$ cat structure-v7.cif   # mmCIF, C-alpha atoms and all ligand atoms
data_protein
#
loop_
_atom_site.group_PDB
_atom_site.id
_atom_site.type_symbol
_atom_site.label_atom_id
_atom_site.label_comp_id
_atom_site.auth_asym_id
_atom_site.auth_seq_id
_atom_site.Cartn_x
_atom_site.Cartn_y
_atom_site.Cartn_z
ATOM 1 C CA MET A 1 -60.874 82.197 59.018
ATOM 2 C CA LYS A 2 -58.646 79.139 59.275
ATOM 3 C CA ILE A 3 -56.217 78.267 62.038
ATOM 4 C CA GLY A 4 -53.610 75.501 62.056
ATOM 5 C CA VAL A 5 -52.987 73.858 65.418
ATOM 6 C CA PHE A 6 -50.700 71.224 66.880
ATOM 7 C CA SER A 7 -49.411 70.379 70.326
ATOM 8 C CA ASP A 8 -46.541 68.768 72.208
ATOM 9 C CA PRO A 9 -43.920 68.019 69.545
ATOM 10 C CA HIS A 10 -41.308 67.658 72.362
ATOM 11 C CA PHE A 11 -38.663 68.048 69.671
ATOM 12 C CA CYS A 12 -35.188 66.910 70.755
ATOM 13 C CA ASN A 13 -32.504 64.457 69.625
ATOM 14 C CA ALA A 14 -33.997 61.471 71.507
ATOM 15 C CA THR A 15 -35.307 58.855 69.099
ATOM 16 C CA GLN A 16 -37.469 56.980 71.603
ATOM 17 C CA PHE A 17 -38.640 57.820 75.117
ATOM 18 C CA ASP A 18 -41.360 55.448 76.324
ATOM 19 C CA THR A 19 -44.140 55.932 73.803
ATOM 20 C CA ARG A 20 -42.641 59.192 72.504
ATOM 21 C CA ARG A 21 -40.597 59.630 69.325
ATOM 22 C CA PRO A 22 -39.318 63.215 69.838
ATOM 23 C CA SER A 23 -36.785 63.305 66.979
ATOM 24 C CA LEU A 24 -39.552 62.536 64.467
ATOM 25 C CA SER A 25 -41.322 65.771 65.326
ATOM 26 C CA TYR A 26 -39.147 67.861 62.996
ATOM 27 C CA GLY A 27 -40.366 65.937 59.942
ATOM 28 C CA LYS A 28 -43.936 65.817 61.256
ATOM 29 C CA LEU A 29 -43.906 69.571 61.695
ATOM 30 C CA GLN A 30 -42.557 70.058 58.193
ATOM 31 C CA THR A 31 -45.536 68.043 56.917
ATOM 32 C CA ALA A 32 -47.985 69.983 59.098
ATOM 33 C CA MET A 33 -46.644 73.400 58.077
ATOM 34 C CA THR A 34 -46.679 72.428 54.391
ATOM 35 C CA GLU A 35 -50.351 71.483 54.722
ATOM 36 C CA PHE A 36 -51.149 74.707 56.660
ATOM 37 C CA LYS A 37 -49.558 76.708 53.859
ATOM 38 C CA LYS A 38 -51.436 74.758 51.203
ATOM 39 C CA GLN A 39 -54.726 75.369 52.996
ATOM 40 C CA ASN A 40 -53.971 79.087 53.464
ATOM 41 C CA VAL A 41 -54.377 79.108 57.233
ATOM 42 C CA ASP A 42 -54.266 82.588 58.754
ATOM 43 C CA ILE A 43 -52.546 81.727 62.037
ATOM 44 C CA VAL A 44 -50.655 78.732 63.425
ATOM 45 C CA PHE A 45 -50.741 77.909 67.131
ATOM 46 C CA CYS A 46 -48.589 75.424 69.010
ATOM 47 C CA LEU A 47 -50.276 74.444 72.271
ATOM 48 C CA GLY A 48 -46.959 73.983 74.037
ATOM 49 C CA ASP A 49 -43.999 71.718 74.665
ATOM 50 C CA LEU A 50 -42.402 72.648 71.374
ATOM 51 C CA THR A 51 -39.101 71.162 72.550
ATOM 52 C CA ASP A 52 -37.804 68.765 75.186
ATOM 53 C CA HIS A 53 -34.356 67.578 76.217
ATOM 54 C CA GLU A 54 -32.584 64.291 76.775
ATOM 55 C CA ALA A 55 -31.244 63.426 80.220
ATOM 56 C CA GLY A 56 -27.918 65.204 80.692
ATOM 57 C CA GLU A 57 -28.269 67.266 77.527
ATOM 58 C CA GLU A 58 -26.514 70.648 77.624
ATOM 59 C CA ARG A 59 -28.507 73.850 77.564
ATOM 60 C CA GLU A 60 -26.771 74.930 74.357
ATOM 61 C CA SER A 61 -28.064 71.863 72.547
ATOM 62 C CA VAL A 62 -31.626 72.514 73.767
ATOM 63 C CA TYR A 63 -31.293 76.142 72.663
ATOM 64 C CA ASN A 64 -30.091 75.045 69.214
ATOM 65 C CA ASN A 65 -32.997 72.627 68.830
ATOM 66 C CA PHE A 66 -35.409 75.405 69.771
ATOM 67 C CA LYS A 67 -33.758 77.606 67.137
ATOM 68 C CA LYS A 68 -33.921 74.846 64.529
ATOM 69 C CA ILE A 69 -37.621 74.104 65.048
ATOM 70 C CA THR A 70 -38.691 77.771 65.202
ATOM 71 C CA GLU A 71 -36.683 78.555 62.049
ATOM 72 C CA LEU A 72 -38.561 75.756 60.306
ATOM 73 C CA ILE A 73 -41.910 77.157 61.449
ATOM 74 C CA TYR A 74 -41.058 80.779 60.567
ATOM 75 C CA SER A 75 -39.757 79.748 57.119
ATOM 76 C CA PHE A 76 -43.378 79.195 56.022
ATOM 77 C CA GLY A 77 -44.230 82.858 56.616
ATOM 78 C CA ILE A 78 -47.491 82.227 58.522
ATOM 79 C CA PRO A 79 -48.053 84.179 61.771
ATOM 80 C CA PHE A 80 -47.067 81.780 64.569
ATOM 81 C CA TYR A 81 -47.817 81.827 68.285
ATOM 82 C CA LEU A 82 -46.549 79.482 70.973
ATOM 83 C CA VAL A 83 -48.734 78.838 74.002
ATOM 84 C CA PRO A 84 -45.869 77.904 76.344
ATOM 85 C CA GLY A 85 -45.844 74.441 77.883
ATOM 86 C CA ASN A 86 -43.999 73.202 80.945
ATOM 87 C CA HIS A 87 -41.178 71.736 78.827
ATOM 88 C CA ASP A 88 -40.596 75.058 77.080
ATOM 89 C CA TYR A 89 -39.501 76.481 80.439
ATOM 90 C CA LEU A 90 -37.144 73.626 81.347
ATOM 91 C CA MET A 91 -34.041 75.399 80.052
ATOM 92 C CA LEU A 92 -35.279 78.613 78.488
ATOM 93 C CA SER A 93 -36.785 81.627 80.214
ATOM 94 C CA ALA A 94 -39.844 83.580 79.140
ATOM 95 C CA SER A 95 -37.623 86.600 78.410
ATOM 96 C CA GLU A 96 -35.366 84.476 76.145
ATOM 97 C CA LEU A 97 -38.377 83.114 74.269
ATOM 98 C CA GLN A 98 -39.380 86.713 73.677
ATOM 99 C CA SER A 99 -35.987 88.232 72.855
ATOM 100 C CA ASP A 100 -34.371 85.390 70.891
ATOM 101 C CA PHE A 101 -37.377 83.754 69.222
ATOM 102 C CA ASN A 102 -39.971 86.525 69.086
ATOM 103 C CA LEU A 103 -42.436 84.474 71.170
ATOM 104 C CA ARG A 104 -44.580 86.580 73.468
ATOM 105 C CA THR A 105 -45.312 85.661 77.062
ATOM 106 C CA PRO A 106 -49.037 85.243 77.751
ATOM 107 C CA PRO A 107 -51.462 86.563 78.753
ATOM 108 C CA TYR A 108 -52.345 88.492 75.640
ATOM 109 C CA VAL A 109 -55.139 88.801 73.114
ATOM 110 C CA ILE A 110 -54.925 88.456 69.351
ATOM 111 C CA GLU A 111 -57.851 90.282 67.853
ATOM 112 C CA CYS A 112 -58.908 89.213 64.368
ATOM 113 C CA GLU A 113 -61.836 90.267 62.232
ATOM 114 C CA LYS A 114 -64.370 87.876 63.755
ATOM 115 C CA TYR A 115 -62.600 86.292 66.704
ATOM 116 C CA CYS A 116 -60.482 87.105 69.731
ATOM 117 C CA PHE A 117 -57.853 84.579 70.709
ATOM 118 C CA ILE A 118 -56.915 84.752 74.387
ATOM 119 C CA LEU A 119 -53.601 83.103 75.231
ATOM 120 C CA LEU A 120 -52.885 82.123 78.830
ATOM 121 C CA ASP A 121 -49.886 80.721 80.691
ATOM 122 C CA ALA A 122 -50.616 78.303 83.561
ATOM 123 C CA ASN A 123 -46.966 77.289 84.027
ATOM 124 C CA TYR A 124 -46.970 78.529 87.610
ATOM 125 C CA ARG A 125 -46.473 76.508 90.764
ATOM 126 C CA SER A 126 -48.800 76.779 93.752
ATOM 127 C CA ASN A 127 -46.624 79.615 95.099
ATOM 128 C CA MET A 128 -47.453 81.481 91.854
ATOM 129 C CA VAL A 129 -43.859 81.588 90.642
ATOM 130 C CA ARG A 130 -43.469 80.664 86.987
ATOM 131 C CA PHE A 131 -41.683 77.413 86.102
ATOM 132 C CA ASP A 132 -38.714 79.120 84.420
ATOM 133 C CA THR A 133 -37.819 80.629 87.805
ATOM 134 C CA ALA A 134 -39.382 78.173 90.258
ATOM 135 C CA GLY A 135 -38.437 74.968 88.433
ATOM 136 C CA VAL A 136 -40.832 72.902 86.340
ATOM 137 C CA GLN A 137 -43.419 70.769 88.142
ATOM 138 C CA TRP A 138 -45.619 69.321 85.414
ATOM 139 C CA ASP A 139 -48.460 68.323 87.763
ATOM 140 C CA ASP A 140 -48.614 71.596 89.700
ATOM 141 C CA SER A 141 -49.993 74.137 87.243
ATOM 142 C CA ASN A 142 -51.920 77.181 88.321
ATOM 143 C CA LEU A 143 -53.363 80.221 86.616
ATOM 144 C CA PRO A 144 -52.355 83.250 88.719
ATOM 145 C CA ARG A 145 -54.975 85.712 89.920
ATOM 146 C CA GLU A 146 -53.743 88.405 87.472
ATOM 147 C CA GLN A 147 -54.414 86.059 84.547
ATOM 148 C CA VAL A 148 -57.859 85.054 85.815
ATOM 149 C CA ASP A 149 -58.648 88.785 86.016
ATOM 150 C CA PHE A 150 -57.062 89.344 82.593
ATOM 151 C CA LEU A 151 -59.274 86.618 81.114
ATOM 152 C CA LYS A 152 -62.393 88.014 82.771
ATOM 153 C CA ASN A 153 -61.654 91.517 81.523
ATOM 154 C CA ALA A 154 -60.778 90.361 77.995
ATOM 155 C CA LEU A 155 -64.088 88.478 77.822
ATOM 156 C CA ASP A 156 -66.026 91.407 79.290
ATOM 157 C CA VAL A 157 -64.760 93.896 76.699
ATOM 158 C CA SER A 158 -64.769 91.599 73.680
ATOM 159 C CA LYS A 159 -67.413 92.219 71.086
ATOM 160 C CA LYS A 160 -66.424 89.046 69.261
ATOM 161 C CA GLU A 161 -66.521 85.336 69.911
ATOM 162 C CA CYS A 162 -63.472 84.203 71.850
ATOM 163 C CA ILE A 163 -61.156 81.218 71.712
ATOM 164 C CA VAL A 164 -59.067 80.491 74.814
ATOM 165 C CA LEU A 165 -55.725 78.722 74.477
ATOM 166 C CA VAL A 166 -53.689 77.294 77.357
ATOM 167 C CA HIS A 167 -51.225 74.394 77.573
ATOM 168 C CA GLU A 168 -52.425 72.673 80.754
ATOM 169 C CA ASN A 169 -55.962 71.442 81.121
ATOM 170 C CA LEU A 170 -59.144 73.236 82.068
ATOM 171 C CA ASP A 171 -61.176 70.189 81.044
ATOM 172 C CA PRO A 172 -62.048 68.361 84.296
ATOM 173 C CA CYS A 173 -62.455 65.035 82.487
ATOM 174 C CA VAL A 174 -58.756 64.314 81.813
ATOM 175 C CA ASP A 175 -56.326 62.684 84.268
ATOM 176 C CA LYS A 176 -56.358 64.917 87.353
ATOM 177 C CA ASN A 177 -52.582 65.483 87.485
ATOM 178 C CA HIS A 178 -52.838 67.363 84.200
ATOM 179 C CA ILE A 179 -55.586 69.726 85.356
ATOM 180 C CA ILE A 180 -54.858 73.334 86.335
ATOM 181 C CA LYS A 181 -55.384 73.562 90.100
ATOM 182 C CA ASN A 182 -57.846 76.448 89.887
ATOM 183 C CA ALA A 183 -59.523 75.178 86.709
ATOM 184 C CA THR A 184 -63.003 75.244 88.316
ATOM 185 C CA GLU A 185 -62.758 78.985 88.886
ATOM 186 C CA VAL A 186 -61.429 79.592 85.346
ATOM 187 C CA ARG A 187 -64.213 77.501 83.781
ATOM 188 C CA ARG A 188 -66.728 79.542 85.782
ATOM 189 C CA VAL A 189 -65.370 82.750 84.216
ATOM 190 C CA ILE A 190 -65.568 81.152 80.769
ATOM 191 C CA SER A 191 -69.131 79.857 81.260
ATOM 192 C CA HIS A 192 -70.336 83.134 82.752
ATOM 193 C CA SER A 193 -69.114 85.217 79.778
ATOM 194 C CA LYS A 194 -71.117 83.259 77.196
ATOM 195 C CA LYS A 195 -68.575 84.502 74.625
ATOM 196 C CA VAL A 196 -66.217 81.533 74.421
ATOM 197 C CA LYS A 197 -66.631 79.339 71.366
ATOM 198 C CA LEU A 198 -63.762 76.975 72.067
ATOM 199 C CA VAL A 199 -61.010 76.204 74.581
ATOM 200 C CA ILE A 200 -57.909 74.548 73.113
ATOM 201 C CA GLN A 201 -55.379 72.785 75.324
ATOM 202 C CA GLY A 202 -52.410 70.384 75.060
ATOM 203 C CA HIS A 203 -50.450 68.666 77.873
ATOM 204 C CA TYR A 204 -52.601 65.539 78.223
ATOM 205 C CA HIS A 205 -50.971 63.589 75.418
ATOM 206 C CA TRP A 206 -53.868 61.288 74.629
ATOM 207 C CA GLY A 207 -56.242 64.093 73.725
ATOM 208 C CA ALA A 208 -59.815 64.651 74.912
ATOM 209 C CA LYS A 209 -63.008 66.519 74.148
ATOM 210 C CA SER A 210 -65.702 67.690 76.550
ATOM 211 C CA VAL A 211 -68.586 70.102 76.270
ATOM 212 C CA ILE A 212 -69.308 72.062 79.450
ATOM 213 C CA ASP A 213 -72.021 74.746 79.633
ATOM 214 C CA GLY A 214 -72.062 74.747 75.832
ATOM 215 C CA VAL A 215 -68.302 75.380 75.529
ATOM 216 C CA THR A 216 -66.121 72.800 73.782
ATOM 217 C CA TYR A 217 -62.898 71.963 75.640
ATOM 218 C CA LEU A 218 -60.585 70.353 73.143
ATOM 219 C CA THR A 219 -57.298 68.750 74.187
ATOM 220 C CA LEU A 220 -55.058 68.108 71.190
ATOM 221 C CA PRO A 221 -53.278 64.755 71.083
ATOM 222 C CA ALA A 222 -49.486 65.100 71.240
ATOM 223 C CA MET A 223 -47.434 65.208 68.055
ATOM 224 C CA CYS A 224 -44.565 63.346 69.743
ATOM 225 C CA GLU A 225 -46.502 60.170 70.527
ATOM 226 C CA GLY A 226 -45.663 57.242 68.267
ATOM 227 C CA GLU A 227 -45.597 57.723 64.536
ATOM 228 C CA ASN A 228 -48.955 59.509 64.215
ATOM 229 C CA ASN A 229 -48.935 63.119 63.148
ATOM 230 C CA PRO A 230 -51.889 64.884 64.771
ATOM 231 C CA TYR A 231 -52.213 68.396 63.383
ATOM 232 C CA PHE A 232 -55.475 70.114 62.585
ATOM 233 C CA VAL A 233 -56.928 72.870 60.435
ATOM 234 C CA PHE A 234 -60.017 74.495 61.929
ATOM 235 C CA ASP A 235 -62.227 76.535 59.679
ATOM 236 C CA LEU A 236 -63.903 78.827 62.205
ATOM 237 C CA ASP A 237 -66.423 80.401 59.835
HETATM 238 FE FE FE B 1 -46.169 67.467 76.659
#

$ encode --input "structure-v7.cif" --output "structure tokens" --more "lines below"
Ligand SMILES: [Fe+2]
Amino acid sequence: MKIGVFSDPHFCNATQFDTRRPSLSYGKLQTAMTEFKKQNVDIVFCLGDLTDHEAGEERESVYNNFKKITELIYSFGIPFYLVPGNHDYLMLSASELQSDFNLRTPPYVIECEKYCFILLDANYRSNMVRFDTAGVQWDDSNLPREQVDFLKNALDVSKKECIVLVHENLDPCVDKNHIIKNATEVRRVISHSKKVKLVIQGHYHWGAKSVIDGVTYLTLPAMCEGENNPYFVFDLD
């Protein structure tokens, strides 16, 4: 089975924002999706921050950019899942992502022939209110108790190898502001299960890789940074 993955396109009209080139992400994504199609990937995952917005930009413009980028992705006809990132909740709610763009709100499990993909949403502030209601605070991400229990249960019942996907970082080796506040507890659940093959994350734009208790924690470098186009095809078999 092959999956196509990318993270943090931050697509918006801005041409340059510090080291980011958000407007280039549309073309980069076109290239990535073309390659995914060519390689016959079964599923495409975005690890979050699909869009962004310029200072002072109207909500309607952000909405239209979200529509434009998702239409591009869907035009390739490959099953697509967004693991929501903090920027995805800046101007759009989880219910809008679901109703207008057919993007489910984690947690949920995608069960395939050999693997279970477990998608989580750590876009919650310390008071456990999600960013779309509470306001986005990029360095205060938390996985609520219900999702920790969901993860534990999904791992308990799975008869297959599992891949966990979440935007913010469970890897303790990246810059600490990017790490999910209760990451230690979540990693303990993952280690204990002995069923997780891989954890894929975004958020920390420079990318990282750590192996903890035999589990690989992979942080994808951000698509929006500079002129590079980091997208990946993983052959899981
Ligand atoms: Fe990001």

$ atom_distance --input "structure-v7.cif" --atom1 "atom CA of Thr219 of chain A" --atom2 "atom CA of Asp171 of chain A"
8.0 Å

$ closest_residue --input "structure-v7.cif" --among "A:Cys173, A:Ala94, A:Ala14, A:Cys224" --to "ligand FE 1 (chain B)" --atoms "all atoms listed in the file"
A:Cys224

$ residues_around --input "structure-v7.cif" --residues "Asp156 of chain A" --least-positions-apart "6" --cutoff "12 Å" --atoms "all atoms listed in the file" --output "list in words"
Cys116, Asp149, Phe150, Cys162, Val189, Ile190, His192, Ser193, Lys194, Lys195 and Val196 of chain A

$ residues_near_ligand --input "structure-v7.cif" --ligand "ligand FE 1 (chain B)" --cutoff "10 Å" --atoms "all atoms listed in the file" --output "PyMOL selection string"
chain A and resi 7-10+20+47-52+85-88+138+167-168+202-205+221-225

$ atom_distance --input "structure-v7.cif" --atom1 "atom CA of Tyr63 of chain A" --atom2 "atom CA of Phe17 of chain A"
19.9 Å

$ closest_residue --input "structure-v7.cif" --among "A:Ile3, A:Leu151, A:Val44, A:His53" --to "Gln16 of chain A" --atoms "only C-alpha atoms"
A:His53

$ residues_around --input "structure-v7.cif" --residues "segment 197-199 of chain A" --least-positions-apart "2" --cutoff "8 Å" --atoms "all atoms listed in the file" --output "list of chain:residue names"
A:Glu161, A:Cys162, A:Ile163, A:Val164, A:Leu165, A:Val166, A:Lys195, A:Gln201, A:Val215, A:Thr216, A:Tyr217, A:Leu218

$ write_last_selection --input "structure-v7.cif" --atoms "C-alpha atoms" --output "PDB file, in the frame of the given file"
ATOM      1  CA  GLU A 161     -66.521  85.336  69.911  1.00  0.00           C
ATOM      2  CA  CYS A 162     -63.472  84.203  71.850  1.00  0.00           C
ATOM      3  CA  ILE A 163     -61.156  81.218  71.712  1.00  0.00           C
ATOM      4  CA  VAL A 164     -59.067  80.491  74.814  1.00  0.00           C
ATOM      5  CA  LEU A 165     -55.725  78.722  74.477  1.00  0.00           C
ATOM      6  CA  VAL A 166     -53.689  77.294  77.357  1.00  0.00           C
ATOM      7  CA  LYS A 195     -68.575  84.502  74.625  1.00  0.00           C
ATOM      8  CA  GLN A 201     -55.379  72.785  75.324  1.00  0.00           C
ATOM      9  CA  VAL A 215     -68.302  75.380  75.529  1.00  0.00           C
ATOM     10  CA  THR A 216     -66.121  72.800  73.782  1.00  0.00           C
ATOM     11  CA  TYR A 217     -62.898  71.963  75.640  1.00  0.00           C
ATOM     12  CA  LEU A 218     -60.585  70.353  73.143  1.00  0.00           C
TER      13      LEU A 218
END

$ residues_around --input "structure-v7.cif" --residues "segment 30-43 of chain A" --least-positions-apart "6" --cutoff "9 Å" --atoms "only C-alpha atoms" --output "PyMOL selection string"
chain A and resi 1-6+72-73+76-81+229-235

$ atom_distance --input "structure-v7.cif" --atom1 "atom CA of Asp132 of chain A" --atom2 "atom CA of Trp206 of chain A"
25.4 Å

$ closest_residue --input "structure-v7.cif" --among "A:Ser23, A:Ser158, A:Thr184, A:Asn142" --to "Arg125 of chain A" --atoms "only C-alpha atoms"
A:Asn142

$ residues_around --input "structure-v7.cif" --residues "Met128 of chain A" --least-positions-apart "6" --cutoff "12 Å" --atoms "only C-alpha atoms" --output "PyMOL selection string"
chain A and resi 121-122+134-135+140-147+181-182

$ axis_aligned_box --input "structure-v7.cif" --around "segment 171-174 of chain A" --padding-each-side "4 Å" --output "JSON"
{"center_x": -60.6, "center_y": 67.3, "center_z": 82.7, "size_x": 11.7, "size_y": 13.9, "size_z": 11.3}

$ closest_residue --input "structure-v7.cif" --among "A:Lys176, A:Glu58, A:Val148, A:Lys68" --to "Tyr26 of chain A" --atoms "all atoms listed in the file"
A:Lys68

$ decode --input "structure-v7.cif" --residues "segment 65-112 of chain A" --atoms "C-alpha atoms" --output "JSON list (two decimals), in the first residue's frame"
[["chain", "number", "residue", "atom", "x", "y", "z"],
["A", 65, "ASN", "CA", -8.53, 29.85, -1.05],
["A", 66, "PHE", "CA", -9.55, 26.80, 0.96],
["A", 67, "LYS", "CA", -12.07, 25.95, -1.76],
["A", 68, "LYS", "CA", -9.49, 26.47, -4.51],
["A", 69, "ILE", "CA", -6.85, 24.23, -2.91],
["A", 70, "THR", "CA", -9.28, 21.45, -1.96],
["A", 71, "GLU", "CA", -10.79, 21.48, -5.47],
["A", 72, "LEU", "CA", -7.29, 21.00, -6.84],
["A", 73, "ILE", "CA", -6.66, 18.06, -4.51],
["A", 74, "TYR", "CA", -10.05, 16.41, -5.15],
["A", 75, "SER", "CA", -9.65, 16.81, -8.94],
["A", 76, "PHE", "CA", -7.08, 13.98, -8.86],
["A", 77, "GLY", "CA", -9.67, 11.51, -7.57],
["A", 78, "ILE", "CA", -7.48, 10.02, -4.80],
["A", 79, "PRO", "CA", -9.04, 9.61, -1.33],
["A", 80, "PHE", "CA", -7.85, 12.63, 0.67],
["A", 81, "TYR", "CA", -7.77, 13.29, 4.41],
["A", 82, "LEU", "CA", -6.77, 16.46, 6.22],
["A", 83, "VAL", "CA", -5.26, 16.18, 9.68],
["A", 84, "PRO", "CA", -6.29, 19.67, 10.83],
["A", 85, "GLY", "CA", -3.58, 22.12, 11.83],
["A", 86, "ASN", "CA", -3.84, 25.24, 13.94],
["A", 87, "HIS", "CA", -4.04, 27.49, 10.86],
["A", 88, "ASP", "CA", -6.96, 25.51, 9.45],
["A", 89, "TYR", "CA", -9.02, 26.69, 12.43],
["A", 90, "LEU", "CA", -8.06, 30.37, 12.15],
["A", 91, "MET", "CA", -11.15, 31.32, 10.16],
["A", 92, "LEU", "CA", -12.98, 28.08, 9.50],
["A", 93, "SER", "CA", -14.76, 25.85, 11.99],
["A", 94, "ALA", "CA", -14.57, 22.08, 12.22],
["A", 95, "SER", "CA", -18.25, 21.86, 11.20],
["A", 96, "GLU", "CA", -17.57, 23.98, 8.07],
["A", 97, "LEU", "CA", -14.61, 21.80, 7.12],
["A", 98, "GLN", "CA", -16.97, 18.85, 7.34],
["A", 99, "SER", "CA", -20.05, 20.33, 5.66],
["A", 100, "ASP", "CA", -18.45, 22.46, 2.94],
["A", 101, "PHE", "CA", -15.28, 20.51, 2.14],
["A", 102, "ASN", "CA", -16.10, 16.95, 3.21],
["A", 103, "LEU", "CA", -13.20, 16.91, 5.70],
["A", 104, "ARG", "CA", -13.93, 14.89, 8.82],
["A", 105, "THR", "CA", -13.06, 16.06, 12.31],
["A", 106, "PRO", "CA", -10.68, 13.68, 14.11],
["A", 107, "PRO", "CA", -10.50, 11.44, 16.00],
["A", 108, "TYR", "CA", -11.33, 8.65, 13.61],
["A", 109, "VAL", "CA", -9.82, 5.50, 12.19],
["A", 110, "ILE", "CA", -9.34, 4.58, 8.55],
["A", 111, "GLU", "CA", -9.09, 0.83, 8.33],
["A", 112, "CYS", "CA", -7.33, -0.56, 5.27]]
